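Visitor: My structure is stored as my_file.cif, with mmCIF, C-alpha atoms.
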data_data
loop_
_atom_site.label_atom_id
_atom_site.label_comp_id
_atom_site.auth_asym_id
_atom_site.auth_seq_id
_atom_site.Cartn_x
_atom_site.Cartn_y
_atom_site.Cartn_z
CA MET H 1 -38.85 9.55 -14.22
CA GLY H 2 -39.61 5.94 -13.33
CA THR H 3 -38.27 2.72 -14.77
CA SER H 4 -41.32 2.58 -16.98
CA THR H 5 -40.46 5.87 -18.71
CA LEU H 6 -36.91 4.73 -19.31
CA PHE H 7 -38.21 1.44 -20.63
CA ARG H 8 -40.68 3.28 -22.90
CA ILE H 9 -37.80 5.27 -24.38
CA ALA H 10 -35.90 2.07 -24.90
CA LEU H 11 -38.87 0.33 -26.49
CA SER H 12 -39.57 3.24 -28.79
CA HIS H 13 -35.93 3.41 -29.77
CA GLY H 14 -35.79 -0.27 -30.51
CA ALA H 15 -39.03 -0.33 -32.47
CA ASP H 16 -37.32 1.31 -35.41
CA MET H 17 -34.69 -1.35 -35.77
CA GLU H 18 -34.67 -3.43 -38.90
CA THR H 19 -35.68 -7.05 -38.52
CA GLN H 20 -32.70 -9.29 -39.21
CA GLN H 21 -33.77 -12.48 -37.45
CA PRO H 22 -37.01 -14.35 -36.89
CA ALA H 23 -39.02 -12.74 -34.13
CA SER H 24 -38.95 -15.76 -31.91
CA LEU H 25 -36.76 -18.80 -31.65
CA PRO H 26 -37.66 -22.30 -30.53
CA PRO H 27 -36.20 -23.17 -27.14
CA ALA H 28 -32.49 -23.95 -27.43
CA ALA H 29 -31.83 -27.69 -27.39
CA ALA H 30 -29.35 -28.77 -24.73
CA PRO H 31 -26.36 -30.25 -26.54
CA LEU H 32 -25.09 -33.63 -25.47
CA ASP H 33 -21.59 -32.39 -24.81
CA GLU H 34 -22.65 -29.39 -22.73
CA ARG H 35 -21.73 -31.18 -19.55
CA ALA H 36 -18.23 -31.84 -20.87
CA LEU H 37 -17.91 -28.21 -21.89
CA LEU H 38 -19.02 -27.14 -18.42
CA ASP H 39 -16.42 -29.36 -16.77
CA ARG H 40 -13.66 -27.92 -18.94
CA ALA H 41 -14.92 -24.36 -18.58
CA ARG H 42 -14.84 -24.75 -14.80
CA ARG H 43 -11.14 -25.48 -15.10
CA GLY H 44 -10.68 -22.22 -17.02
CA ASP H 45 -10.53 -23.74 -20.53
CA ALA H 46 -11.17 -20.75 -22.80
CA ARG H 47 -12.23 -22.91 -25.75
CA ALA H 48 -14.88 -24.61 -23.66
CA GLN H 49 -16.09 -21.21 -22.46
CA ARG H 50 -16.32 -20.11 -26.08
CA GLY H 51 -18.26 -23.29 -26.88
CA LEU H 52 -20.80 -22.55 -24.15
CA TYR H 53 -20.96 -18.93 -25.24
CA ASP H 54 -21.70 -19.96 -28.82
CA LEU H 55 -24.47 -22.28 -27.69
CA HIS H 56 -26.31 -19.67 -25.67
CA VAL H 57 -25.33 -16.19 -26.78
CA ASP H 58 -28.13 -15.74 -29.32
CA ARG H 59 -30.91 -16.27 -26.83
CA ILE H 60 -29.22 -14.16 -24.17
CA TYR H 61 -28.59 -11.29 -26.54
CA ARG H 62 -32.14 -11.44 -27.91
CA LEU H 63 -33.61 -11.48 -24.42
CA THR H 64 -31.51 -8.56 -23.20
CA PHE H 65 -32.31 -6.65 -26.37
CA ARG H 66 -36.04 -7.20 -25.84
CA MET H 67 -35.70 -6.01 -22.28
CA THR H 68 -33.56 -2.95 -22.97
CA GLY H 69 -34.47 -1.98 -26.53
CA SER H 70 -30.91 -0.86 -27.19
CA ASP H 71 -28.05 -2.61 -28.94
CA ASP H 72 -25.43 -0.98 -26.69
CA LEU H 73 -27.25 -1.93 -23.51
CA ALA H 74 -27.99 -5.44 -24.77
CA ARG H 75 -24.29 -5.95 -25.60
CA ASP H 76 -23.29 -4.73 -22.13
CA MET H 77 -25.84 -6.93 -20.41
CA THR H 78 -24.95 -9.96 -22.50
CA GLN H 79 -21.24 -9.53 -21.80
CA ASP H 80 -21.86 -9.03 -18.09
CA THR H 81 -24.06 -12.13 -18.06
CA PHE H 82 -21.32 -14.35 -19.51
CA VAL H 83 -18.57 -12.80 -17.40
CA SER H 84 -20.63 -13.40 -14.24
CA ALA H 85 -21.53 -16.90 -15.35
CA PHE H 86 -17.97 -17.98 -16.18
CA ALA H 87 -16.51 -16.30 -13.11
CA GLY H 88 -19.07 -18.05 -10.89
CA LEU H 89 -19.32 -21.36 -12.72
CA ASP H 90 -18.50 -23.22 -9.50
CA ARG H 91 -21.81 -22.02 -8.12
CA PHE H 92 -23.72 -23.83 -10.88
CA ARG H 93 -24.50 -27.21 -9.35
CA GLY H 94 -26.47 -28.59 -12.29
CA ASP H 95 -29.81 -28.77 -10.45
CA SER H 96 -31.40 -26.98 -13.41
CA ALA H 97 -30.43 -26.62 -17.05
CA PHE H 98 -27.41 -24.43 -17.68
CA SER H 99 -29.56 -22.30 -20.01
CA SER H 100 -32.01 -21.61 -17.16
CA TRP H 101 -29.18 -20.59 -14.87
CA LEU H 102 -27.78 -18.35 -17.58
CA HIS H 103 -31.19 -16.79 -18.25
CA SER H 104 -31.69 -16.07 -14.58
CA ILE H 105 -28.34 -14.25 -14.53
CA ALA H 106 -29.28 -12.36 -17.70
CA VAL H 107 -32.62 -11.22 -16.27
CA SER H 108 -31.04 -10.17 -13.00
CA VAL H 109 -28.12 -8.37 -14.69
CA THR H 110 -30.50 -6.58 -17.06
CA LEU H 111 -33.02 -5.47 -14.47
CA ASN H 112 -30.24 -4.24 -12.18
CA GLY H 113 -28.50 -2.55 -15.10
CA LEU H 114 -31.70 -0.75 -16.11
CA LYS H 115 -32.25 0.41 -12.53
CA ARG H 116 -28.68 1.67 -12.28
CA ARG H 117 -28.99 3.53 -15.57
CA LYS H 118 -32.33 4.97 -14.51
CA ARG H 119 -30.64 6.38 -11.40
CA LEU H 120 -27.84 7.87 -13.51
CA TRP H 121 -30.34 9.22 -16.03
CA SER H 122 -32.48 10.85 -13.37
CA ARG H 123 -29.39 12.47 -11.81
CA GLU H 124 -28.16 13.80 -15.14
CA HIS H 125 -31.47 14.95 -16.63
CA PRO H 126 -34.18 16.96 -14.90
CA LEU H 127 -37.53 15.17 -14.77
CA ASP H 128 -39.36 17.51 -17.16
CA GLU H 129 -36.65 17.26 -19.75
CA ALA H 130 -36.65 13.47 -19.60
CA GLN H 131 -40.41 13.35 -19.99
CA ALA H 132 -40.25 15.75 -22.93
CA VAL H 133 -37.66 13.56 -24.62
CA ALA H 134 -39.74 10.47 -23.99
CA GLY H 135 -42.86 12.13 -25.37
CA THR H 136 -41.10 13.17 -28.55
CA VAL H 137 -39.78 9.70 -29.25
CA VAL H 138 -43.11 8.03 -28.68
CA ALA H 139 -45.04 10.51 -30.79
CA SER H 140 -42.81 9.90 -33.79
CA ASP H 141 -43.75 6.17 -33.92
CA PRO H 142 -46.86 4.64 -35.42
CA LEU H 143 -49.65 4.98 -32.94
CA LEU H 144 -50.28 1.31 -32.26
CA LYS H 145 -46.64 0.45 -31.71
CA ALA H 146 -46.21 3.48 -29.51
CA ARG H 147 -49.28 2.64 -27.45
CA LEU H 148 -48.22 -0.97 -27.07
CA ALA H 149 -44.68 0.01 -26.15
CA GLU H 150 -45.97 2.45 -23.58
CA ALA H 151 -48.42 -0.06 -22.14
CA VAL H 152 -45.72 -2.72 -21.88
CA SER H 153 -43.41 -0.25 -20.20
CA LEU H 154 -46.07 0.45 -17.59
CA LEU H 155 -46.41 -3.21 -16.63
CA PRO H 156 -44.90 -4.16 -13.29
CA GLU H 157 -41.31 -5.35 -13.69
CA ARG H 158 -41.92 -9.08 -13.20
CA CYS H 159 -45.08 -9.01 -15.35
CA ARG H 160 -43.21 -7.23 -18.12
CA THR H 161 -40.32 -9.69 -17.98
CA VAL H 162 -42.65 -12.68 -18.21
CA PHE H 163 -44.59 -11.07 -21.05
CA LEU H 164 -41.45 -10.33 -23.08
CA MET H 165 -39.97 -13.76 -22.44
CA HIS H 166 -43.17 -15.58 -23.37
CA ASP H 167 -44.89 -13.52 -26.02
CA ALA H 168 -41.90 -11.81 -27.64
CA GLU H 169 -39.18 -14.46 -27.28
CA GLY H 170 -41.19 -17.67 -27.19
CA PHE H 171 -39.96 -19.06 -23.85
CA THR H 172 -42.20 -21.71 -22.28
CA HIS H 173 -43.65 -21.19 -18.83
CA GLU H 174 -41.37 -23.95 -17.55
CA GLN H 175 -38.32 -22.11 -18.87
CA ILE H 176 -39.52 -18.79 -17.48
CA ALA H 177 -40.29 -20.32 -14.10
CA SER H 178 -36.85 -21.88 -13.94
CA ALA H 179 -35.07 -18.71 -15.02
CA LEU H 180 -36.98 -16.42 -12.66
CA GLY H 181 -37.10 -18.84 -9.76
CA VAL H 182 -40.91 -18.94 -9.58
CA THR H 183 -43.48 -21.65 -10.12
CA VAL H 184 -45.06 -22.34 -13.50
CA GLY H 185 -48.39 -21.21 -12.06
CA THR H 186 -46.90 -17.85 -11.06
CA SER H 187 -45.47 -17.39 -14.52
CA LYS H 188 -48.85 -18.13 -16.08
CA ALA H 189 -50.60 -15.78 -13.68
CA GLN H 190 -48.14 -12.97 -14.39
CA LEU H 191 -48.64 -13.39 -18.12
CA SER H 192 -52.40 -13.47 -17.77
CA ARG H 193 -52.40 -10.31 -15.69
CA GLY H 194 -50.06 -8.61 -18.10
CA ARG H 195 -52.22 -9.47 -21.05
CA ALA H 196 -55.36 -8.31 -19.25
CA THR H 197 -53.74 -4.96 -18.52
CA LEU H 198 -52.56 -4.62 -22.09
CA ARG H 199 -56.00 -5.48 -23.43
CA VAL H 200 -57.50 -2.59 -21.53
CA ALA H 201 -54.69 -0.23 -22.52
CA LEU H 202 -55.17 -1.12 -26.19
CA ALA H 203 -58.96 -1.18 -26.12
CA SER H 204 -59.17 1.53 -28.78
CA PHE H 205 -57.48 -0.90 -31.21
CA ALA H 206 -59.98 -3.70 -30.49
CA LYS H 207 -61.00 -3.93 -34.13
CA GLU H 208 -57.46 -5.07 -34.91
CA TRP H 209 -57.88 -8.38 -33.08
CA GLU H 210 -61.66 -8.75 -33.30
CA SER H 211 -61.73 -8.61 -37.09
CA MET A 212 -50.91 -2.15 -9.75
CA SER A 213 -54.38 -0.59 -9.86
CA ASP A 214 -54.76 -1.81 -13.45
CA LEU A 215 -54.14 -5.32 -12.30
CA ASN A 216 -56.74 -5.05 -9.63
CA GLU A 217 -59.31 -3.56 -11.96
CA HIS A 218 -58.65 -6.06 -14.73
CA PRO A 219 -57.75 -9.41 -13.34
CA ASP A 220 -57.57 -12.53 -15.46
CA HIS A 221 -59.02 -12.59 -18.91
CA ASP A 222 -59.50 -15.21 -21.57
CA ASP A 223 -59.50 -14.03 -25.16
CA PRO A 224 -57.55 -16.30 -27.53
CA ARG A 225 -57.93 -13.83 -30.42
CA PHE A 226 -56.38 -11.01 -28.42
CA ASP A 227 -53.64 -13.31 -27.14
CA ALA A 228 -52.71 -14.39 -30.66
CA TRP A 229 -52.77 -10.81 -31.92
CA LEU A 230 -50.73 -9.62 -28.95
CA GLN A 231 -48.10 -12.28 -29.51
CA GLN A 232 -47.78 -11.10 -33.12
CA GLN A 233 -47.39 -7.51 -32.01
CA ALA A 234 -45.02 -8.40 -29.19
CA ALA A 235 -42.73 -10.18 -31.62
CA GLN A 236 -42.27 -6.87 -33.40
CA LEU A 237 -41.40 -4.96 -30.24
CA ASN A 238 -37.66 -4.31 -30.03
CA THR A 239 -36.84 -6.88 -32.68
CA PRO A 240 -33.20 -7.80 -32.04
CA PRO A 241 -30.64 -7.43 -34.82
CA ALA A 242 -28.12 -10.17 -35.66
CA THR A 243 -26.08 -11.15 -32.60
CA PRO A 244 -22.63 -9.49 -32.66
CA ARG A 245 -21.03 -12.73 -31.46
CA ASP A 246 -17.36 -12.09 -32.11
CA GLU A 247 -17.33 -8.51 -30.86
CA MET A 248 -19.05 -9.48 -27.65
CA TRP A 249 -16.78 -12.51 -27.19
CA SER A 250 -13.65 -10.35 -27.38
CA ALA A 251 -15.11 -8.11 -24.68
CA VAL A 252 -16.10 -11.12 -22.54
CA SER A 253 -12.67 -12.77 -22.84
CA SER A 254 -10.82 -9.53 -22.02
CA LYS A 255 -13.06 -8.93 -19.00
CA LEU A 256 -12.44 -12.49 -17.83
CA ALA A 257 -8.69 -12.09 -18.32
CA ALA A 258 -8.74 -8.81 -16.38
CA LYS A 259 -10.70 -10.51 -13.61
CA LYS A 260 -8.12 -13.31 -13.50
CA ARG A 261 -5.21 -10.85 -13.38
CA PHE A 262 -6.93 -8.95 -10.60
CA THR A 263 -7.44 -12.15 -8.63
CA VAL A 264 -3.76 -13.09 -9.01
CA SER A 265 -2.41 -9.64 -8.18
CA ARG A 266 -4.80 -9.36 -5.25
CA TYR A 267 -2.98 -12.26 -3.61
CA ALA A 268 0.53 -11.63 -4.99
CA TRP A 269 1.22 -8.39 -3.12
CA PRO A 270 0.11 -9.52 0.33
CA MET A 271 2.11 -12.72 -0.17
CA ALA A 272 5.22 -10.77 -1.20
CA LEU A 273 4.82 -8.46 1.78
CA ALA A 274 4.23 -11.39 4.09
CA ALA A 275 7.37 -13.06 2.72
CA ALA A 276 9.36 -9.87 3.28
CA LEU A 277 8.07 -9.63 6.83
CA VAL A 278 8.89 -13.26 7.56
CA LEU A 279 12.36 -12.69 6.14
CA GLY A 280 12.74 -9.60 8.29
CA VAL A 281 11.61 -11.40 11.43
CA ALA A 282 13.92 -14.34 10.70
CA LEU A 283 16.90 -12.05 10.18
CA ASP A 284 16.00 -10.13 13.29
CA ARG A 285 15.83 -13.31 15.39
CA MET A 286 19.12 -14.46 13.93
CA MET A 287 20.85 -11.18 14.74
CA VAL A 288 19.34 -10.97 18.21
CA ALA A 289 20.67 -14.47 18.86
CA ARG A 290 24.12 -13.51 17.59
CA SER A 291 24.22 -10.26 19.53
CA ALA A 292 23.32 -12.14 22.72
CA SER A 293 26.80 -13.63 22.59
CA ALA A 294 28.34 -10.16 22.31
CA PRO A 295 27.82 -8.42 25.69
CA VAL A 296 28.36 -4.90 24.39
CA ALA A 297 25.92 -5.25 21.55
CA ALA A 298 23.41 -6.91 23.85
CA SER A 299 23.58 -4.13 26.41
CA GLN A 300 23.11 -1.53 23.67
CA ALA A 301 20.09 -3.39 22.39
CA ALA A 302 18.59 -3.55 25.87
CA THR A 303 18.97 0.16 26.56
CA SER A 304 17.80 1.44 23.17
CA PRO A 305 13.99 1.91 22.94
CA ALA A 306 14.13 1.41 19.17
CA ALA A 307 15.71 -1.99 19.61
CA GLN A 308 12.54 -3.90 20.49
CA PRO A 309 12.44 -7.00 18.29
CA SER A 310 8.73 -6.51 17.59
CA ASP A 311 9.15 -2.93 16.29
CA PRO A 312 8.12 -3.11 12.57
CA ALA A 313 10.41 -0.18 11.63
CA ARG A 314 13.33 -2.07 13.14
CA LEU A 315 12.41 -5.23 11.22
CA TYR A 316 12.48 -3.31 7.96
CA ARG A 317 15.81 -1.70 8.90
CA VAL A 318 17.25 -5.12 9.62
CA ALA A 319 15.93 -6.48 6.31
CA ALA A 320 17.37 -3.43 4.51
CA SER A 321 20.70 -3.88 6.24
CA ALA A 322 20.87 -7.56 5.22
CA THR A 323 20.01 -6.78 1.60
CA LEU A 324 22.52 -3.94 1.38
CA THR A 325 25.23 -6.14 2.86
CA GLU A 326 24.45 -8.84 0.32
CA ALA A 327 24.44 -6.28 -2.50
CA GLN A 328 27.79 -4.91 -1.38
CA ALA A 329 29.28 -8.42 -1.40
CA LEU A 330 27.86 -9.02 -4.85
CA LEU A 331 29.25 -5.79 -6.28
CA VAL A 332 32.69 -6.42 -4.77
CA SER A 333 32.65 -9.90 -6.21
CA TYR A 334 31.57 -8.52 -9.60
CA ARG A 335 34.46 -6.04 -9.62
CA HIS A 336 36.93 -8.64 -8.47
CA ASP A 337 35.92 -11.47 -10.76
CA GLY A 338 34.92 -9.26 -13.68
CA LEU A 339 37.10 -11.14 -16.10
CA ALA A 340 35.53 -14.41 -15.07
CA MET A 341 32.25 -13.19 -16.55
CA GLN A 342 33.37 -14.71 -19.82
CA ASP A 343 33.16 -18.09 -18.14
CA PRO A 344 29.50 -19.17 -18.63
CA ALA A 345 29.36 -21.11 -15.36
CA ALA A 346 30.68 -18.16 -13.33
CA ALA A 347 28.34 -15.81 -15.16
CA ARG A 348 25.36 -18.04 -14.39
CA LYS A 349 26.33 -18.15 -10.74
CA LEU A 350 26.65 -14.38 -10.52
CA GLY A 351 23.38 -13.98 -12.45
CA ALA A 352 21.48 -16.21 -10.02
CA TRP A 353 22.92 -14.34 -7.06
CA GLY A 354 22.11 -11.02 -8.73
CA ARG A 355 18.48 -12.05 -9.36
CA GLN A 356 18.09 -12.99 -5.72
CA VAL A 357 19.47 -9.67 -4.46
CA LEU A 358 17.47 -7.79 -7.12
CA ALA A 359 14.24 -9.40 -5.90
CA SER A 360 15.01 -8.44 -2.29
CA THR A 361 15.88 -4.90 -3.37
CA ARG A 362 12.59 -4.54 -5.23
CA LEU A 363 10.65 -5.84 -2.25
CA LEU A 364 12.41 -3.30 -0.06
CA ILE A 365 11.59 -0.46 -2.48
CA ASP A 366 7.91 -1.37 -2.25
CA SER A 367 7.99 -1.83 1.52
CA PRO A 368 7.87 0.92 4.18
CA ALA A 369 11.68 0.89 4.07
CA GLY A 370 11.34 2.36 0.58
CA ASP A 371 9.69 5.44 2.08
CA ASP A 372 12.98 6.42 3.71
CA ALA A 373 14.14 9.52 1.81
CA GLU A 374 17.82 8.59 2.18
CA LEU A 375 17.49 4.89 1.52
CA ARG A 376 15.18 5.00 -1.50
CA PRO A 377 17.59 6.68 -4.00
CA LEU A 378 20.27 4.17 -3.00
CA LEU A 379 17.88 1.25 -3.49
CA GLU A 380 16.79 2.58 -6.88
CA ASP A 381 20.38 3.02 -8.10
CA LEU A 382 21.18 -0.42 -6.78
CA GLU A 383 18.15 -1.92 -8.56
CA LEU A 384 19.38 -0.48 -11.86
CA VAL A 385 22.89 -1.85 -11.50
CA LEU A 386 21.68 -5.25 -10.33
CA ALA A 387 19.32 -5.48 -13.30
CA GLN A 388 22.28 -4.71 -15.59
CA ILE A 389 24.40 -7.38 -13.93
CA VAL A 390 21.61 -9.95 -14.33
CA ARG A 391 21.31 -8.97 -17.99
CA LEU A 392 25.08 -9.17 -18.44
CA SER A 393 25.20 -12.65 -16.96
CA ALA A 394 22.49 -13.78 -19.38
CA ASN A 395 24.48 -12.48 -22.39
CA ALA A 396 27.88 -13.63 -21.15
CA THR A 397 28.64 -15.55 -24.33
CA ASP A 398 28.21 -12.51 -26.57
CA SER A 399 31.54 -10.66 -26.17
CA SER A 400 30.40 -7.44 -27.91
CA GLU A 401 27.37 -7.12 -25.61
CA VAL A 402 29.46 -8.03 -22.56
CA SER A 403 31.92 -5.20 -23.07
CA SER A 404 29.23 -2.55 -23.64
CA ASP A 405 27.17 -3.82 -20.68
CA ARG A 406 30.25 -3.89 -18.47
CA ALA A 407 31.06 -0.32 -19.44
CA LEU A 408 27.54 0.75 -18.49
CA ILE A 409 27.69 -1.03 -15.13
CA ASP A 410 31.15 0.36 -14.33
CA ARG A 411 30.02 3.87 -15.17
CA ALA A 412 26.90 3.47 -13.00
CA LEU A 413 29.01 2.18 -10.13
CA THR A 414 31.47 5.06 -10.40
CA ASP A 415 29.07 7.90 -11.18
CA ASN A 416 26.64 6.93 -8.44
CA LYS A 417 29.42 6.10 -5.96
CA LEU A 418 27.42 3.01 -5.21
CA LEU A 419 29.94 1.05 -3.16
CA PRO A 420 30.85 3.97 -0.85
CA ARG A 421 27.17 4.76 -0.37
CA LEU A 422 26.46 1.14 0.47
CA ARG A 423 29.26 1.10 3.04
CA THR A 424 27.86 4.24 4.63
CA ALA A 425 24.30 2.93 4.66
CA ILE A 426 25.10 -0.42 6.21
CA PRO A 427 24.98 -0.02 10.02
CA ALA A 428 28.19 -0.90 11.80
CA ALA A 429 26.60 -3.00 14.59
CA PRO A 430 25.50 -6.01 12.56
CA GLN A 431 28.87 -6.12 10.82
CA GLY A 432 30.62 -5.85 14.15
CA ALA A 433 28.45 -8.57 15.55
CA GLU A 434 29.85 -10.93 12.96
#
Will you turn the file into structure tokens for me?
Guide:
Amino acid sequence: MGTSTLFRIALSHGADMETQQPASLPPAAAPLDERALLDRARRGDARAQRGLYDLHVDRIYRLTFRMTGSDDLARDMTQDTFVSAFAGLDRFRGDSAFSSWLHSIAVSVTLNGLKRRKRLWSREHPLDEAQAVAGTVVASDPLLKARLAEAVSLLPERCRTVFLMHDAEGFTHEQIASALGVTVGTSKAQLSRGRATLRVALASFAKEWES
Amino acid sequence: MSDLNEHPDHDDPRFDAWLQQQAAQLNTPPATPRDEMWSAVSSKLAAKKRFTVSRYAWPMALAAALVLGVALDRMMVARSASAPVAASQAATSPAAQPSDPARLYRVAASATLTEAQALLVSYRHDGLAMQDPAAARKLGAWGRQVLASTRLLIDSPAGDDAELRPLLEDLELVLAQIVRLSANATDSSEVSSDRALIDRALTDNKLLPRLRTAIPAAPQGAE
């Protein structure tokens, strides 16, 4: 079973979840006192750390949830992101926005976490069994959602990340580029390729967007 | 990757708009469990901090014990140099090399046991003075110092010695009781019950005779 199958299971699982928040958020505005919070947090001030956490946790949790499709995994990834960030705050030199630095940690933690879990999953479950489970979950969803989830899961990792950040979470290309450490042009190209692939994969639903 | 090669860039605003709508419904996140996640984050950070502290604390304690051992060793070697008999014994014994780590630990153990013996004798002798807060504080401070050395010894290779370890453990218990007694010296009811406990531990465990036996004769003789 590849990462894509695991991701498909995650997407299918998450597709059933009730909507409790708007689908996408505007980019988080950098607060004026963030720099002061960062200075205090660097010195181990727990209240400042909590302040930074409160400013950014929503976007991090939403992003990790989009990427994993599971509340448990998203919680783990979000926690690991903040623990890594606060433990390594001295490494943040302020060249980019703190949110970009945090997002880059979140993406890295999540992708590595998914890979690690995929390895564990493939050790614990024989391939056929995993595929059977995946098939069952997908088949129980509405066809369009299932097809889209499957197609997204089959996108290359970087393409999929850009697509979810941009189209699902409303990040700008500048924010994505900064978080992933690529140029804006690369981010745009990845999104364009991802969309092209998805368009072909969803061709049988063309009437949905052509009407 | 073959899909990407077969279907490179595209430009269809209607599809893009539709796809964005659909994508927003993929894995829609629930409300953020802020407080639950924060408790986990803060405990993980605290654990990380504790780990960082303890990671350095043990090597520092061991290094301090080693430095103490080396210092005591140097001091005793210097003293024994003035005693020809002791010096000749040290020169002929293969175990008497100053750089031998086992010997350093034995020397450190010997110094701690000697100190503990002096403390216990003083405690027995000046027992009544424990009701004097100043004397109690003095004994308490001395006791804490010897207790710390005893605990370091227990955790050092010297603590692996099957004969020495039980003695060190019994000593640790009594020293802890003496430190506690000195802290409660103003409370006469606690003092008498604590004293009874210490006296019984000293008698039952034959602590002073065992200390005398365990302390090597040479260093004492050298003095």
Visitor: Mind pulling up the distance from atom CA of Val57 of chain H to atom CA of Arg43 of chain H?
Guide: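 According to the coordinates, atom CA of Arg43 of chain H and atom CA of Val57 of chain H are separated by 20.6 Å.
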Visitor: Just give me the gap between atom CA of Arg362 of chain A and atom CA of Asp381 of chain A in Å, one decimal is fine.
Guide: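 Between these atoms lies a distance of 11.2 Å.
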Visitor: Here's a test: counting all atoms listed in the file, identify every protein, DNA and RNA residue with an atom at most 6 Å from (16.1, -7.2, 10.6) in the file's coordinate frame, and state them as a PyMOL selection string.
Guide: chain A and resi 280+283-284+315-319
Visitor: List the residues selected by the PyMOL selection byres ((chain A and resi 232) around 12) in the file shown, writing them as a list of chain:residue names.
Guide: H:Pro22, H:Ala23, H:Ser24, H:Lys145, H:Leu148, H:Leu164, H:His166, H:Asp167, H:Ala168, H:Glu169, H:Gly170, H:Glu208, H:Trp209, A:Arg225, A:Phe226, A:Asp227, A:Ala228, A:Trp229, A:Leu230, A:Gln231, A:Gln233, A:Ala234, A:Ala235, A:Gln236, A:Leu237, A:Thr239
Visitor: Show me as an MDAnalysis selection string the residues that reach within 10 Å of (-48.1, -7.2, -19.0), counting all atoms listed in the file and using the file's own coordinates.
Guide: (chainID H and resid 151:164 167 190:199) or (chainID A and resid 215)
Visitor: Keeping only C-alpha atoms, write the selected residues as an mmCIF file, in the coordinates of the input.
Guide:
data_model
loop_
_atom_site.group_PDB
_atom_site.id
_atom_site.type_symbol
_atom_site.label_atom_id
_atom_site.label_comp_id
_atom_site.auth_asym_id
_atom_site.auth_seq_id
_atom_site.Cartn_x
_atom_site.Cartn_y
_atom_site.Cartn_z
ATOM 1 C CA ALA H 151 -48.420 -0.060 -22.140
ATOM 2 C CA VAL H 152 -45.720 -2.720 -21.880
ATOM 3 C CA SER H 153 -43.410 -0.250 -20.200
ATOM 4 C CA LEU H 154 -46.070 0.450 -17.590
ATOM 5 C CA LEU H 155 -46.410 -3.210 -16.630
ATOM 6 C CA PRO H 156 -44.900 -4.160 -13.290
ATOM 7 C CA GLU H 157 -41.310 -5.350 -13.690
ATOM 8 C CA ARG H 158 -41.920 -9.080 -13.200
ATOM 9 C CA CYS H 159 -45.080 -9.010 -15.350
ATOM 10 C CA ARG H 160 -43.210 -7.230 -18.120
ATOM 11 C CA THR H 161 -40.320 -9.690 -17.980
ATOM 12 C CA VAL H 162 -42.650 -12.680 -18.210
ATOM 13 C CA PHE H 163 -44.590 -11.070 -21.050
ATOM 14 C CA LEU H 164 -41.450 -10.330 -23.080
ATOM 15 C CA ASP H 167 -44.890 -13.520 -26.020
ATOM 16 C CA GLN H 190 -48.140 -12.970 -14.390
ATOM 17 C CA LEU H 191 -48.640 -13.390 -18.120
ATOM 18 C CA SER H 192 -52.400 -13.470 -17.770
ATOM 19 C CA ARG H 193 -52.400 -10.310 -15.690
ATOM 20 C CA GLY H 194 -50.060 -8.610 -18.100
ATOM 21 C CA ARG H 195 -52.220 -9.470 -21.050
ATOM 22 C CA ALA H 196 -55.360 -8.310 -19.250
ATOM 23 C CA THR H 197 -53.740 -4.960 -18.520
ATOM 24 C CA LEU H 198 -52.560 -4.620 -22.090
ATOM 25 C CA ARG H 199 -56.000 -5.480 -23.430
ATOM 26 C CA LEU A 215 -54.140 -5.320 -12.300
#
Visitor: Calculated over all atoms listed in the file, which of the candidates H:Lys118, H:Arg147, H:His103, H:Arg75 has the smallest distance to His56 of chain H?
Guide: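 Looking only at the distances to His56 of chain H, the closest residue turns out to be H:His103.
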Visitor: Would you compute the distance between atom CA of Ser99 of chain H and atom CA of Ser250 of chain A? Give it in Å to one decimal.
Guide: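 Here the two named atoms are 21.2 Å from each other.
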Visitor: Go through A:Asn395, A:Asn238, A:Asn416, A:Ser360 and flag the residue nearest chain H, using only C-alpha atoms for the distances.
Guide: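 Closest candidate: A:Asn238.
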Visitor: Quick one: axis-aligned box around all listed atoms of segment 368-385 of chain A, 5 Å on every side, centre and edge lengths in Å to one decimal, written as JSON.
Guide:
{"center_x": 15.4, "center_y": 3.8, "center_z": -3.8, "size_x": 25.0, "size_y": 21.4, "size_z": 26.0}
